[in-house]
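Asker: To be precise about what I am sending: the file is called entry35.cif and holds mmCIF, C-alpha atoms.
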data_my_file
loop_
_atom_site.label_atom_id
_atom_site.label_comp_id
_atom_site.auth_asym_id
_atom_site.auth_seq_id
_atom_site.Cartn_x
_atom_site.Cartn_y
_atom_site.Cartn_z
CA MET W 1 6.90 23.18 33.65
CA ASP W 2 8.72 25.91 31.75
CA GLN W 3 8.35 25.16 28.03
CA ILE W 4 10.52 28.14 27.05
CA LYS W 5 13.34 26.89 29.27
CA ILE W 6 13.02 23.35 27.91
CA GLY W 7 12.99 24.72 24.34
CA ASN W 8 16.17 26.72 24.92
CA PHE W 9 17.79 23.63 26.46
CA ILE W 10 16.90 21.49 23.43
CA SER W 11 18.41 24.14 21.16
CA LEU W 12 21.58 24.34 23.32
CA CYS W 13 22.04 20.56 23.34
CA ARG W 14 21.40 20.27 19.60
CA LYS W 15 24.02 22.90 18.83
CA LYS W 16 26.43 21.26 21.26
CA LYS W 17 26.01 18.03 19.26
CA LYS W 18 26.59 20.10 16.08
CA LEU W 19 23.23 19.12 14.61
CA THR W 20 21.01 21.31 12.48
CA GLN W 21 17.25 21.36 13.06
CA GLU W 22 16.85 19.46 9.79
CA GLN W 23 19.28 16.72 10.90
CA LEU W 24 17.59 16.34 14.30
CA ALA W 25 14.16 16.25 12.66
CA GLU W 26 15.36 13.56 10.25
CA GLN W 27 16.72 11.37 13.06
CA LEU W 28 13.43 11.66 14.96
CA ASN W 29 11.31 11.28 11.81
CA VAL W 30 9.46 14.54 12.49
CA SER W 31 9.16 17.81 10.55
CA VAL W 32 11.64 20.67 10.87
CA ASN W 33 8.68 22.82 11.91
CA ALA W 34 8.08 20.51 14.89
CA VAL W 35 11.68 20.90 16.07
CA SER W 36 11.45 24.66 15.59
CA LYS W 37 8.30 24.79 17.75
CA TRP W 38 10.01 22.75 20.50
CA GLU W 39 12.97 25.10 20.59
CA ARG W 40 10.73 28.18 20.67
CA GLY W 41 8.77 26.73 23.58
CA LEU W 42 5.52 26.59 21.63
CA ASN W 43 5.14 22.83 21.97
CA LEU W 44 6.72 19.93 23.80
CA PRO W 45 7.79 16.82 21.92
CA ASP W 46 5.29 13.98 21.87
CA TYR W 47 5.91 11.42 24.60
CA SER W 48 6.88 8.90 21.90
CA ASN W 49 9.76 11.20 20.81
CA ILE W 50 11.07 12.36 24.18
CA GLN W 51 13.19 9.28 24.94
CA SER W 52 14.70 9.23 21.45
CA LEU W 53 15.42 12.96 21.68
CA CYS W 54 17.13 12.54 25.05
CA LYS W 55 19.24 9.69 23.67
CA ILE W 56 20.35 11.75 20.66
CA LEU W 57 21.16 14.79 22.80
CA GLU W 58 22.71 12.59 25.52
CA ILE W 59 20.65 14.02 28.35
CA SER W 60 18.45 12.33 30.95
CA LEU W 61 14.68 12.66 31.19
CA ASN W 62 15.16 14.61 34.41
CA GLU W 63 17.45 17.06 32.63
CA PHE W 64 14.99 17.35 29.76
CA PHE W 65 12.07 18.28 32.05
CA ALA W 66 14.29 20.51 34.18
CA GLY W 67 15.50 22.31 31.05
CA GLU W 68 19.13 22.23 32.24
CA TYR W 69 22.07 19.96 32.97
CA LEU W 70 21.93 18.46 36.45
CA LYS W 71 24.68 17.48 38.83
CA GLU W 72 24.55 14.01 40.30
CA ASN W 73 23.48 15.24 43.74
CA GLU W 74 20.62 17.22 42.20
CA ILE W 75 19.05 14.38 40.21
CA GLU W 76 16.89 12.86 42.98
CA LYS W 77 15.58 16.21 44.16
CA GLN W 78 14.88 17.35 40.59
CA ALA W 79 13.16 14.04 39.76
CA GLU W 80 10.56 14.69 42.47
CA LYS W 81 10.12 18.26 41.26
CA ASN W 82 9.70 17.07 37.67
CA ILE W 83 7.01 14.60 38.68
CA LEU W 84 5.03 17.40 40.36
CA GLU W 85 5.56 19.73 37.41
CA ILE W 86 4.41 17.08 34.93
CA TRP W 87 1.34 16.36 37.06
CA LYS W 88 0.45 20.08 37.23
CA PHE W 89 1.05 20.51 33.51
CA THR W 90 -1.14 17.52 32.66
CA LYS W 91 -3.86 18.73 35.00
CA ASN W 92 -3.84 22.22 33.48
CA LYS W 93 -3.90 20.81 29.98
CA THR W 94 -6.84 18.57 30.91
CA LYS W 95 -8.70 21.60 32.27
CA LYS W 96 -8.03 23.51 29.04
CA TYR W 97 -9.38 20.63 26.99
CA GLN W 98 -12.42 20.36 29.26
CA ILE W 99 -13.11 24.10 28.88
CA LEU W 100 -12.64 23.84 25.11
CA ILE W 101 -15.04 20.90 24.93
CA ILE W 102 -17.62 22.77 27.04
CA VAL W 103 -17.33 25.84 24.79
CA ILE W 104 -17.72 23.70 21.66
CA VAL W 105 -20.75 21.90 23.13
CA ILE W 106 -22.35 25.25 24.07
CA ILE W 107 -21.77 26.60 20.54
CA ILE W 108 -23.27 23.43 19.02
CA ILE W 109 -26.31 23.70 21.32
CA ILE W 110 -26.81 27.38 20.40
CA LEU W 111 -26.52 26.60 16.68
CA PHE W 112 -28.92 23.68 17.11
CA ILE W 113 -31.45 25.93 18.87
CA ILE W 114 -31.15 28.60 16.15
CA LEU W 115 -31.46 26.03 13.36
CA SER W 116 -34.36 24.29 15.10
CA ARG W 117 -36.15 27.60 15.53
CA MET W 118 -35.63 28.44 11.86
CA LEU W 119 -37.02 25.05 10.81
CA LEU W 120 -39.97 25.38 13.20
CA ILE W 121 -40.75 28.82 11.80
CA LYS W 122 -40.38 27.55 8.24
CA GLY W 123 -42.57 24.56 9.08
CA GLY W 124 -45.25 26.80 10.53
CA TYR W 125 -44.98 25.31 14.01
CA ILE W 126 -43.99 28.63 15.57
CA ILE W 127 -44.06 32.26 14.40
CA ASP W 128 -41.48 34.90 15.14
CA ASP W 129 -43.02 37.44 17.52
CA ASN W 130 -42.00 40.25 15.15
CA LEU W 131 -43.97 38.64 12.32
CA LYS W 132 -47.18 38.00 14.26
CA TYR W 133 -50.33 40.10 13.84
CA SER W 134 -49.85 43.15 16.05
CA GLN W 135 -51.72 46.06 14.43
CA ILE W 136 -54.67 46.93 12.20
CA TYR W 137 -53.94 46.89 8.48
CA ILE W 138 -54.93 50.26 7.00
CA PRO W 139 -53.20 51.07 3.69
CA GLU W 140 -51.21 54.33 3.61
CA GLU W 141 -51.36 54.59 7.39
CA SER W 142 -48.27 54.67 9.65
CA ASN W 143 -45.78 51.98 8.58
CA ILE W 144 -48.26 49.84 6.62
CA LYS W 145 -46.80 48.30 3.45
CA GLY W 146 -48.69 47.55 0.25
CA ASN W 147 -52.38 47.91 -0.56
CA VAL W 148 -54.09 44.60 0.27
CA ASP W 149 -57.89 44.47 0.00
CA ILE W 150 -58.47 42.88 3.39
CA LYS W 151 -62.27 43.17 3.07
CA GLU W 152 -62.31 40.76 0.13
CA PHE W 153 -60.42 38.16 2.16
CA GLY W 154 -62.64 38.73 5.18
CA LYS W 155 -65.80 38.19 3.12
CA LEU W 156 -64.61 34.73 2.13
CA HIS W 157 -64.22 33.46 5.70
CA ILE W 158 -63.40 34.79 9.16
CA ASP W 159 -60.29 32.56 9.14
CA PHE W 160 -58.92 34.82 6.38
CA ASP W 161 -59.05 37.97 8.54
CA ILE W 162 -55.96 40.11 7.92
CA GLY W 163 -53.99 42.49 10.13
CA ALA W 164 -50.38 43.70 10.00
CA ASN W 165 -47.17 42.63 11.74
CA LYS W 166 -44.60 44.83 13.46
CA TYR W 167 -43.05 45.78 10.13
CA GLY W 168 -46.38 46.80 8.56
CA TYR W 169 -46.78 43.82 6.23
CA ALA W 170 -50.19 42.20 5.83
CA VAL W 171 -50.52 38.91 7.74
CA PHE W 172 -53.35 36.58 8.61
CA LYS W 173 -54.43 37.09 12.20
CA ASN W 174 -54.24 33.34 12.67
CA PRO W 175 -51.99 31.77 9.97
CA LYS W 176 -52.68 28.19 11.13
CA LYS W 177 -56.43 28.60 10.80
CA ALA W 178 -55.98 30.43 7.49
CA ILE W 179 -53.91 27.66 5.85
CA LYS W 180 -56.25 25.01 7.24
CA ARG W 181 -59.23 26.84 5.75
CA LEU W 182 -57.41 27.23 2.42
CA LYS W 183 -56.75 23.49 2.21
CA LYS W 184 -60.38 22.76 2.96
CA ASP W 185 -62.16 25.33 0.78
CA TYR W 186 -59.66 25.59 -2.08
CA LYS W 187 -58.57 21.99 -2.47
CA LYS W 188 -59.50 21.97 -6.18
CA GLY W 189 -57.13 24.83 -6.94
CA ILE W 190 -54.39 23.29 -4.81
CA LYS W 191 -54.78 19.92 -6.55
CA LEU W 192 -54.67 21.61 -9.96
CA ILE W 193 -51.37 23.37 -9.15
CA GLN W 194 -49.94 20.16 -7.71
CA LYS W 195 -50.97 18.07 -10.73
CA GLU W 196 -49.94 20.55 -13.45
CA TYR W 197 -46.50 21.24 -11.97
CA HIS W 198 -45.85 17.82 -10.39
CA LEU W 199 -45.45 19.16 -6.85
CA PRO W 200 -45.49 17.32 -3.53
CA PRO W 201 -48.50 18.01 -1.26
CA LEU W 202 -48.80 21.59 -0.01
CA SER W 203 -46.83 22.26 3.19
CA ASN W 204 -44.99 25.08 4.88
CA PHE W 205 -41.81 23.90 3.16
CA ASN W 206 -43.15 24.43 -0.37
CA TYR W 207 -46.00 26.97 -0.05
CA LYS W 208 -43.98 29.58 -1.98
CA THR W 209 -43.85 27.24 -4.99
CA TYR W 210 -47.64 26.93 -4.93
CA GLY W 211 -47.84 30.72 -4.72
CA THR W 212 -45.60 31.08 -7.76
CA TYR W 213 -47.40 28.54 -9.96
CA GLY W 214 -50.97 29.37 -8.94
CA TRP W 215 -51.01 32.32 -11.34
CA GLN W 216 -49.61 30.21 -14.18
CA VAL W 217 -52.02 27.25 -14.39
CA THR W 218 -53.42 26.63 -17.87
CA THR W 219 -55.39 23.42 -17.41
CA GLY W 220 -58.49 22.60 -15.36
CA SER W 221 -61.93 24.21 -15.22
CA ASN W 222 -62.60 27.92 -14.77
CA ASP W 223 -63.47 27.30 -11.11
CA GLU W 224 -60.23 25.34 -10.54
CA ARG W 225 -58.11 28.04 -12.19
CA LYS W 226 -59.88 30.73 -10.16
CA GLN W 227 -59.11 28.80 -6.97
CA ALA W 228 -55.49 28.34 -8.07
CA ARG W 229 -55.11 32.09 -8.57
CA PHE W 230 -56.57 32.70 -5.12
CA VAL W 231 -53.97 30.28 -3.71
CA SER W 232 -51.28 32.59 -5.12
CA SER W 233 -52.95 35.66 -3.59
CA PHE W 234 -53.22 33.82 -0.30
CA MET W 235 -49.53 32.89 -0.32
CA ASP W 236 -48.51 36.52 -0.89
CA ILE W 237 -50.02 37.26 2.53
CA TYR W 238 -49.18 33.96 4.20
CA GLU W 239 -45.42 34.21 3.60
CA ASN W 240 -45.24 37.46 5.58
CA SER W 241 -45.76 35.45 8.77
CA PHE W 242 -42.60 33.42 8.14
CA ASN W 243 -40.19 35.72 6.28
#
Just dump the structure as structure tokens.
Answerer:
Amino acid sequence: MDQIKIGNFISLCRKKKKLTQEQLAEQLNVSVNAVSKWERGLNLPDYSNIQSLCKILEISLNEFFAGEYLKENEIEKQAEKNILEIWKFTKNKTKKYQILIIVIVIIIIILFIILSRMLLIKGGYIIDDNLKYSQIYIPEESNIKGNVDIKEFGKLHIDFDIGANKYGYAVFKNPKKAIKRLKKDYKKGIKLIQKEYHLPPLSNFNYKTYGTYGWQVTTGSNDERKQARFVSSFMDIYENSFN
């Protein structure tokens, strides 16, 4: 089906009837832009408008789809051709919509995977390979960043052993064990931060907040405040496994 040919035919018939695009649009209750697109072959009229359009332009449906005036002896032959053309056009359009739907679904799946991965990383369920422990942490060596006293952490518990990731930032060799040990051995400091700043329980979705407020606690015993400050020090290292 030749949309350009049909568009030119609509324009020819309209002008023959001495109608402007605005007048034709008004009679069909559509926008002038719609008529303009028909005549430029960008779109075909909606099926609900085709019969009305043909009536106004005084052409048959066969002539409309043929994009030209037909002689009486050509009508039957052209009718069969139009049926085939319409069927092909519909089939092609269906294929285009199917391809479009497939592309959209693929994009949604990719975005879902990316978002899911981000949430899993943020939730501590998985760690980006680039952020995992991959080298020894020795300050001022190679690409190592910062000056973390890893011996002090190591003395506290083996679960607090520190190495460095691909980018040279200090990370716990096993972040899951490290956070589990923190919750067990430093629960007083965690509870103090939570109580003083009205926070929800410590999780991988709010650990940065605990890290921020751990230095700022003013209530509790000396031991609780000391633990709270360690929580902040811990979070400075812990966040490097997820950011």
Asker: Compare W:Ser116, W:Ser221, W:Asn240, W:Asn206 by their minimum atom-to-atom distance to W:Val171, counting only C-alpha atoms, and give me the closest one.
Answerer: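 When distances to W:Val171 are compared using only C-alpha atoms, the smallest one comes from W:Asn240.
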Asker: As a check of understanding, name the residues that the PyMOL selection byres ((chain W and resi 217) around 12) selects in the supplied structure, as a ChimeraX atom specification.
Answerer: /W:189-198,210-216,218-232
Asker: Quote the spacing between atom CA of W:Lys183 and atom CA of W:Leu120 in Å to one decimal place.
Answerer: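 These two atoms are separated by 20.1 Å.
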Asker: When you count all atoms listed in the file, which of these residues is closest to W:Asp129: W:Arg181, W:Ile50, W:Ser241, W:Gln3?
Answerer: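 Checking each of W:Arg181, W:Ile50, W:Ser241, W:Gln3 against W:Asp129, counting all atoms listed in the file, the winner is W:Ser241.
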Asker: Please evaluate the PyMOL selection byres ((chain W and resi 33-37) around 12) against the displayed coordinates and give the resulting residues as a PyMOL selection string.
Answerer: chain W and resi 3-4+6-8+10-11+14+19-32+38-46+49-50+53
Asker: Which neighbours of W:Ala164 fall inside 12 Å, counting only C-alpha atoms, when residues of the same chain fewer than 4 positions from it are skipped, and could you give them as a ChimeraX atom specification?
Answerer: /W:130-139,141-148,150,168-174,237-238,240-241
Asker: Figure out the distance between atom CA of W:Leu61 and atom CA of W:Tyr47, please, to one decimal in Å.
Answerer: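 Going from atom CA of W:Tyr47 over to atom CA of W:Leu61 covers 11.0 Å.
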Asker: Of the residues W:Asp236, W:Asp185, W:Asp2, W:Asp149, which is the one nearest to W:Glu68, using only C-alpha atoms?
Answerer: W:Asp2
Asker: For atom CA of W:Met235 and atom CA of W:Tyr167, determine how far apart the two atoms are, in Å to one decimal place.
Answerer: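 Between atom CA of W:Met235 and atom CA of W:Tyr167 the gap works out to 17.8 Å.
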Asker: Hey, which of W:Phe65, W:Val103, W:Phe9, W:Phe242 ends up closest to W:Arg117? Count all atoms listed in the file.
Answerer: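 Between W:Phe65, W:Val103, W:Phe9, W:Phe242, the residue approaching W:Arg117 most closely is W:Phe242.
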Asker: Using all atoms listed in the file, which residue out of W:His157, W:Lys17, W:Lys151, W:Lys5 lies closest to W:Lys184?
Answerer: W:His157
Asker: Restricting the calculation to only C-alpha atoms: of W:Asn204, W:Ser52, W:Ser233, W:Thr209, which residue gets closest to W:Ile126?
Answerer: W:Asn204
